[in-house]
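Content type PDB, C-alpha atoms, pLDDT in the B column, from the file entry14.pdb:
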```
ATOM      1  CA  MET A   1      24.138 -37.890  42.198  1.00 37.00           C
ATOM      2  CA  SER A   2      26.580 -35.782  40.221  1.00 39.00           C
ATOM      3  CA  GLU A   3      28.302 -32.797  41.785  1.00 42.00           C
ATOM      4  CA  GLN A   4      26.336 -30.523  39.428  1.00 51.00           C
ATOM      5  CA  ASN A   5      23.010 -31.875  40.731  1.00 58.00           C
ATOM      6  CA  GLU A   6      24.023 -31.941  44.410  1.00 64.00           C
ATOM      7  CA  GLY A   7      21.416 -30.300  46.610  1.00 71.00           C
ATOM      8  CA  LEU A   8      18.680 -30.613  43.993  1.00 81.00           C
ATOM      9  CA  HIS A   9      15.463 -32.535  44.556  1.00 83.00           C
ATOM     10  CA  HIS A  10      12.984 -34.061  42.181  1.00 87.00           C
ATOM     11  CA  VAL A  11       9.965 -31.761  41.977  1.00 87.00           C
ATOM     12  CA  ARG A  12       6.659 -32.575  40.327  1.00 89.00           C
ATOM     13  CA  ILE A  13       3.943 -29.924  40.086  1.00 88.00           C
ATOM     14  CA  VAL A  14       0.545 -30.488  38.516  1.00 89.00           C
ATOM     15  CA  ALA A  15      -0.844 -26.973  38.237  1.00 84.00           C
ATOM     16  CA  ASP A  16      -4.565 -27.694  38.396  1.00 78.00           C
ATOM     17  CA  ALA A  17      -6.430 -24.509  39.330  1.00 74.00           C
ATOM     18  CA  ALA A  18      -8.871 -26.408  41.532  1.00 77.00           C
ATOM     19  CA  ARG A  19      -6.245 -28.326  43.525  1.00 81.00           C
ATOM     20  CA  PRO A  20      -2.604 -28.191  42.463  1.00 84.00           C
ATOM     21  CA  THR A  21      -0.357 -31.077  43.450  1.00 89.00           C
ATOM     22  CA  VAL A  22       3.222 -30.512  44.579  1.00 88.00           C
ATOM     23  CA  GLU A  23       5.555 -33.447  45.187  1.00 89.00           C
ATOM     24  CA  ILE A  24       9.118 -33.207  46.474  1.00 87.00           C
ATOM     25  CA  ASP A  25      11.184 -36.373  45.986  1.00 86.00           C
ATOM     26  CA  GLY A  26       7.936 -38.310  45.568  1.00 89.00           C
ATOM     27  CA  GLN A  27       6.334 -36.946  48.764  1.00 86.00           C
ATOM     28  CA  ASP A  28       3.055 -35.072  48.190  1.00 89.00           C
ATOM     29  CA  VAL A  29       3.283 -31.865  50.231  1.00 85.00           C
ATOM     30  CA  SER A  30       0.240 -30.142  48.695  1.00 85.00           C
ATOM     31  CA  ARG A  31      -1.912 -30.146  51.827  1.00 84.00           C
ATOM     32  CA  LEU A  32       0.843 -28.390  53.770  1.00 82.00           C
ATOM     33  CA  LEU A  33       1.104 -25.456  51.372  1.00 83.00           C
ATOM     34  CA  HIS A  34      -0.481 -22.055  51.144  1.00 81.00           C
ATOM     35  CA  SER A  35       1.296 -21.364  47.843  1.00 83.00           C
ATOM     36  CA  TYR A  36       4.372 -22.146  45.820  1.00 83.00           C
ATOM     37  CA  HIS A  37       6.545 -20.105  43.486  1.00 83.00           C
ATOM     38  CA  VAL A  38       8.867 -21.326  40.752  1.00 85.00           C
ATOM     39  CA  GLN A  39      11.760 -19.064  39.779  1.00 84.00           C
ATOM     40  CA  GLN A  40      14.302 -19.772  37.078  1.00 83.00           C
ATOM     41  CA  GLU A  41      17.060 -17.864  35.358  1.00 83.00           C
ATOM     42  CA  ALA A  42      18.248 -18.963  31.929  1.00 86.00           C
ATOM     43  CA  GLY A  43      20.929 -21.612  32.226  1.00 85.00           C
ATOM     44  CA  ARG A  44      20.288 -22.287  35.920  1.00 83.00           C
ATOM     45  CA  GLU A  45      18.241 -24.829  37.820  1.00 83.00           C
ATOM     46  CA  PRO A  46      14.815 -23.642  38.952  1.00 84.00           C
ATOM     47  CA  THR A  47      14.171 -22.793  42.581  1.00 84.00           C
ATOM     48  CA  VAL A  48      10.847 -23.775  44.116  1.00 84.00           C
ATOM     49  CA  VAL A  49       9.772 -21.699  47.121  1.00 82.00           C
ATOM     50  CA  LEU A  50       7.131 -23.368  49.279  1.00 82.00           C
ATOM     51  CA  GLU A  51       4.987 -21.220  51.551  1.00 81.00           C
ATOM     52  CA  LEU A  52       3.544 -23.369  54.308  1.00 78.00           C
ATOM     53  CA  ALA A  53      -0.099 -22.988  55.263  1.00 78.00           C
ATOM     54  CA  ALA A  54      -0.818 -21.475  58.649  1.00 73.00           C
ATOM     55  CA  HIS A  55      -2.606 -23.500  61.321  1.00 70.00           C
ATOM     56  CA  ARG A  56      -1.694 -26.871  59.836  1.00 66.00           C
ATOM     57  CA  THR A  57       0.521 -29.527  61.318  1.00 65.00           C
ATOM     58  CA  THR A  58       3.575 -29.619  59.119  1.00 60.00           C
ATOM     59  CA  ALA A  59       6.088 -32.442  59.004  1.00 62.00           C
ATOM     60  CA  LEU A  60       8.786 -32.458  56.350  1.00 59.00           C
ATOM     61  CA  GLU A  61      11.960 -34.467  56.589  1.00 61.00           C
ATOM     62  CA  GLY A  62      14.940 -34.503  54.321  1.00 59.00           C
ATOM     63  CA  LEU A  63      17.520 -32.223  52.781  1.00 57.00           C
ATOM     64  CA  ALA A  64      16.471 -29.054  51.023  1.00 59.00           C
ATOM     65  CA  ARG A  65      17.845 -25.796  49.740  1.00 62.00           C
ATOM     66  CA  VAL A  66      16.204 -23.308  52.104  1.00 61.00           C
ATOM     67  CA  VAL A  67      14.961 -19.982  50.785  1.00 65.00           C
ATOM     68  CA  VAL A  68      13.422 -17.507  53.186  1.00 60.00           C
ATOM     69  CA  GLY A  69      10.535 -15.802  51.449  1.00 66.00           C
ATOM     70  CA  VAL A  70       9.814 -12.190  52.254  1.00 70.00           C
ATOM     71  CA  PRO A  71       6.392 -10.839  51.302  1.00 71.00           C
ATOM     72  CA  PRO A  72       6.801  -8.404  48.421  1.00 77.00           C
ATOM     73  CA  ASP A  73       6.520  -4.664  49.026  1.00 83.00           C
ATOM     74  CA  PRO A  74       3.296  -3.583  47.263  1.00 86.00           C
ATOM     75  CA  GLY A  75       4.379   0.071  47.159  1.00 90.00           C
ATOM     76  CA  PRO A  76       6.312   0.077  43.859  1.00 90.00           C
ATOM     77  CA  ALA A  77       3.610  -1.902  42.047  1.00 89.00           C
ATOM     78  CA  ALA A  78       0.884   0.350  43.451  1.00 91.00           C
ATOM     79  CA  ALA A  79       2.806   3.464  42.405  1.00 92.00           C
ATOM     80  CA  GLU A  80       3.251   2.118  38.866  1.00 92.00           C
ATOM     81  CA  PHE A  81      -0.456   1.229  38.673  1.00 92.00           C
ATOM     82  CA  LEU A  82      -1.531   4.672  39.892  1.00 93.00           C
ATOM     83  CA  GLN A  83       0.782   6.409  37.409  1.00 93.00           C
ATOM     84  CA  ALA A  84      -1.109   4.675  34.588  1.00 92.00           C
ATOM     85  CA  ILE A  85      -4.445   6.175  35.710  1.00 93.00           C
ATOM     86  CA  ASP A  86      -5.831   9.065  33.684  1.00 92.00           C
ATOM     87  CA  ALA A  87      -7.495  11.367  36.242  1.00 93.00           C
ATOM     88  CA  ALA A  88     -10.207  12.551  33.843  1.00 93.00           C
ATOM     89  CA  GLN A  89     -11.042   8.969  32.860  1.00 92.00           C
ATOM     90  CA  LEU A  90     -11.232   7.931  36.518  1.00 92.00           C
ATOM     91  CA  GLU A  91     -13.515  10.838  37.390  1.00 91.00           C
ATOM     92  CA  GLN A  92     -15.761  10.162  34.383  1.00 91.00           C
ATOM     93  CA  ALA A  93     -16.007   6.444  35.213  1.00 89.00           C
ATOM     94  CA  ALA A  94     -16.773   7.179  38.881  1.00 88.00           C
ATOM     95  CA  LEU A  95     -19.509   9.688  38.001  1.00 88.00           C
ATOM     96  CA  ALA A  96     -21.027   7.186  35.567  1.00 87.00           C
ATOM     97  CA  ARG A  97     -21.304   4.481  38.245  1.00 81.00           C
ATOM     98  CA  HIS A  98     -24.783   5.124  39.623  1.00 79.00           C
ATOM     99  CA  ASP A  99     -24.521   2.034  41.816  1.00 76.00           C
ATOM    100  CA  LEU A 100     -21.747   3.797  43.740  1.00 71.00           C
ATOM    101  CA  GLN A 101     -23.663   7.040  44.341  1.00 72.00           C
ATOM    102  CA  ASP A 102     -25.601   6.904  47.585  1.00 78.00           C
ATOM    103  CA  GLY A 103     -25.727  10.548  48.697  1.00 80.00           C
ATOM    104  CA  ARG A 104     -23.391  10.025  51.652  1.00 83.00           C
ATOM    105  CA  ALA A 105     -20.376  12.227  52.249  1.00 86.00           C
ATOM    106  CA  ASN A 106     -17.330  11.619  50.052  1.00 87.00           C
ATOM    107  CA  GLU A 107     -19.261   9.493  47.565  1.00 88.00           C
ATOM    108  CA  LEU A 108     -17.047  10.524  44.623  1.00 88.00           C
ATOM    109  CA  THR A 109     -13.886   9.596  46.509  1.00 90.00           C
ATOM    110  CA  ARG A 110     -15.411   6.303  47.655  1.00 89.00           C
ATOM    111  CA  ALA A 111     -16.508   5.566  44.071  1.00 89.00           C
ATOM    112  CA  MET A 112     -13.000   6.295  42.797  1.00 91.00           C
ATOM    113  CA  LEU A 113     -11.381   4.065  45.417  1.00 92.00           C
ATOM    114  CA  HIS A 114     -13.861   1.301  44.597  1.00 89.00           C
ATOM    115  CA  LEU A 115     -13.068   1.616  40.884  1.00 90.00           C
ATOM    116  CA  LEU A 116      -9.316   1.660  41.501  1.00 92.00           C
ATOM    117  CA  GLY A 117      -9.679  -1.556  43.482  1.00 90.00           C
ATOM    118  CA  GLU A 118     -11.667  -3.175  40.655  1.00 88.00           C
ATOM    119  CA  TRP A 119      -9.158  -2.018  38.054  1.00 89.00           C
ATOM    120  CA  ALA A 120      -6.233  -3.285  40.152  1.00 87.00           C
ATOM    121  CA  ARG A 121      -7.905  -6.719  40.248  1.00 83.00           C
ATOM    122  CA  GLY A 122      -8.223  -6.679  36.444  1.00 80.00           C
ATOM    123  CA  GLN A 123     -11.886  -5.744  36.237  1.00 76.00           C
ATOM    124  CA  TRP A 124     -11.358  -3.201  33.448  1.00 67.00           C
ATOM    125  CA  ALA A 125     -14.934  -2.004  32.770  1.00 61.00           C
ATOM    126  CA  GLY A 126     -14.603   1.645  31.830  1.00 54.00           C
ATOM    127  CA  TRP A 127     -10.805   1.784  31.856  1.00 56.00           C
ATOM    128  CA  GLU A 128      -7.867   0.833  29.716  1.00 58.00           C
ATOM    129  CA  PRO A 129      -4.316   1.415  31.016  1.00 57.00           C
ATOM    130  CA  SER A 130      -2.644   4.377  29.319  1.00 55.00           C
TER     131      SER A 130
END
```
I'd like the structure from this file rewritten - as structure tokens, please.
Amino acid sequence: MSEQNEGLHHVRIVADAARPTVEIDGQDVSRLLHSYHVQQEAGREPTVVLELAAHRTTALEGLARVVVGVPPDPGPAAAEFLQAIDAAQLEQAALARHDLQDGRANELTRAMLHLLGEWARGQWAGWEPS
């Protein structure tokens, strides 16, 4: 192994939506994973971050570059998303959703929160980002 490749491992990922396969140095580790992330900067080797599944027996042996993953802070993304919302459009869409009007207290607010959740998940009916 050349000095340039020292510390690197052969990685094979078959990104099938139903059941992706992840192999490290020929060892299939797919069943041990909750998720994986591939990061790469131009001109540099990629880094693969493996997030192990909870409540599974995990046994990995060998050398690896260890990266401690920290769950991302959703605050900045949520703030950016909310800044793109047109208040009048949100109110109009909430009032038009008869399936969300049930006569209980705070129904408009609940309808708006429901819509914001749908829009955040990419269900854009009645809204286009401004």
**Q.** Near-segment 27-34 of chain A list (7 Å; all atoms listed in the file; drop same-chain fewer than 2 positions) as a VMD selection string
**A.** chain A and resid 21 to 25 50 to 53 56 58
With all atoms listed in the file as the counted atoms, please give the residues lying no more than 10 Å from Ala96 of chain A, apart from itself and same-chain residues fewer than 5 positions off, as a compact mmCIF listing (two decimals) with C-alpha atoms, keeping the file's coordinate frame.
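Full text of selection.txt as output:
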```
# COMPACT_ATOMS: atom_id res chain seq x y z
CA LEU A 90 -11.23 7.93 36.52
CA GLU A 91 -13.52 10.84 37.39
CA GLN A 101 -23.66 7.04 44.34
CA ALA A 111 -16.51 5.57 44.07
CA GLY A 126 -14.60 1.64 31.83
```
Q.
Need to verify the contact set: Leu100 of chain A, 9 Å, all atoms listed in the file, exclusion of same-chain residues closer than 5 positions in sequence. Can you return it as an MDAnalysis selection string?
A. chainID A and resid 94:95 107:108 110:111 114
File of the preceding selection, C-alpha atoms, as a JSON list (two decimals), in the frame of the given file:
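Written out: part.json:
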```json
[["chain", "number", "residue", "atom", "x", "y", "z"],
["A", 94, "ALA", "CA", -16.77, 7.18, 38.88],
["A", 95, "LEU", "CA", -19.51, 9.69, 38.00],
["A", 107, "GLU", "CA", -19.26, 9.49, 47.56],
["A", 108, "LEU", "CA", -17.05, 10.52, 44.62],
["A", 110, "ARG", "CA", -15.41, 6.30, 47.66],
["A", 111, "ALA", "CA", -16.51, 5.57, 44.07],
["A", 114, "HIS", "CA", -13.86, 1.30, 44.60]]
```
Q: Could you give me, as a PyMOL selection string, the residues that sit within 7 Å of (-14.2, 1.3, 38.7) in the file's coordinates, counting all atoms listed in the file?
A: chain A and resi 93-94+112+114-116+118-119+125-126
Now that the selection is made, can you save its residues with C-alpha atoms as a PDB file, in the frame of the given file?
```
ATOM      1  CA  ALA A  93     -16.007   6.444  35.213  1.00 89.00           C
ATOM      2  CA  ALA A  94     -16.773   7.179  38.881  1.00 88.00           C
ATOM      3  CA  MET A 112     -13.000   6.295  42.797  1.00 91.00           C
ATOM      4  CA  HIS A 114     -13.861   1.301  44.597  1.00 89.00           C
ATOM      5  CA  LEU A 115     -13.068   1.616  40.884  1.00 90.00           C
ATOM      6  CA  LEU A 116      -9.316   1.660  41.501  1.00 92.00           C
ATOM      7  CA  GLU A 118     -11.667  -3.175  40.655  1.00 88.00           C
ATOM      8  CA  TRP A 119      -9.158  -2.018  38.054  1.00 89.00           C
ATOM      9  CA  ALA A 125     -14.934  -2.004  32.770  1.00 61.00           C
ATOM     10  CA  GLY A 126     -14.603   1.645  31.830  1.00 54.00           C
TER      11      GLY A 126
END
```
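Atom CA of Ala15 of chain A lies 11.3 Å from atom CA of Ser35 of chain A.
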Under the PyMOL selection byres ((chain A and resi 67-82) around 12), which residues of this model are included? Write them out as a compact mmCIF listing (two decimals) with C-alpha atoms, in the frame of the given file.
```
# COMPACT_ATOMS: atom_id res chain seq x y z
CA SER A 35 1.30 -21.36 47.84
CA TYR A 36 4.37 -22.15 45.82
CA HIS A 37 6.54 -20.10 43.49
CA VAL A 38 8.87 -21.33 40.75
CA GLN A 39 11.76 -19.06 39.78
CA THR A 47 14.17 -22.79 42.58
CA VAL A 48 10.85 -23.78 44.12
CA VAL A 49 9.77 -21.70 47.12
CA LEU A 50 7.13 -23.37 49.28
CA GLU A 51 4.99 -21.22 51.55
CA LEU A 52 3.54 -23.37 54.31
CA ALA A 64 16.47 -29.05 51.02
CA ARG A 65 17.84 -25.80 49.74
CA VAL A 66 16.20 -23.31 52.10
CA GLN A 83 0.78 6.41 37.41
CA ALA A 84 -1.11 4.68 34.59
CA ILE A 85 -4.44 6.18 35.71
CA ASP A 86 -5.83 9.06 33.68
CA ALA A 87 -7.50 11.37 36.24
CA LEU A 90 -11.23 7.93 36.52
CA MET A 112 -13.00 6.30 42.80
CA LEU A 113 -11.38 4.07 45.42
CA LEU A 115 -13.07 1.62 40.88
CA LEU A 116 -9.32 1.66 41.50
CA GLY A 117 -9.68 -1.56 43.48
CA TRP A 119 -9.16 -2.02 38.05
CA ALA A 120 -6.23 -3.28 40.15
CA ARG A 121 -7.90 -6.72 40.25
CA GLY A 122 -8.22 -6.68 36.44
CA GLU A 128 -7.87 0.83 29.72
CA PRO A 129 -4.32 1.42 31.02
CA SER A 130 -2.64 4.38 29.32
```
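Atom CA of Ala42 of chain A sits 19.0 Å away from atom CA of His10 of chain A.
Our summary of the geometry notes that atom CA of Arg19 of chain A is positioned 26.8 Å from atom CA of Glu41 of chain A.
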Assuming 3 Å of padding per side, give the centre and edge lengths of the axis-aligned box around every listed atom of segment 27-31 of chain A, in Å to one decimal and as AutoDock Vina command-line options.
```
--center_x 2.2 --center_y -33.5 --center_z 50.0 --size_x 14.2 --size_y 12.8 --size_z 9.6
```
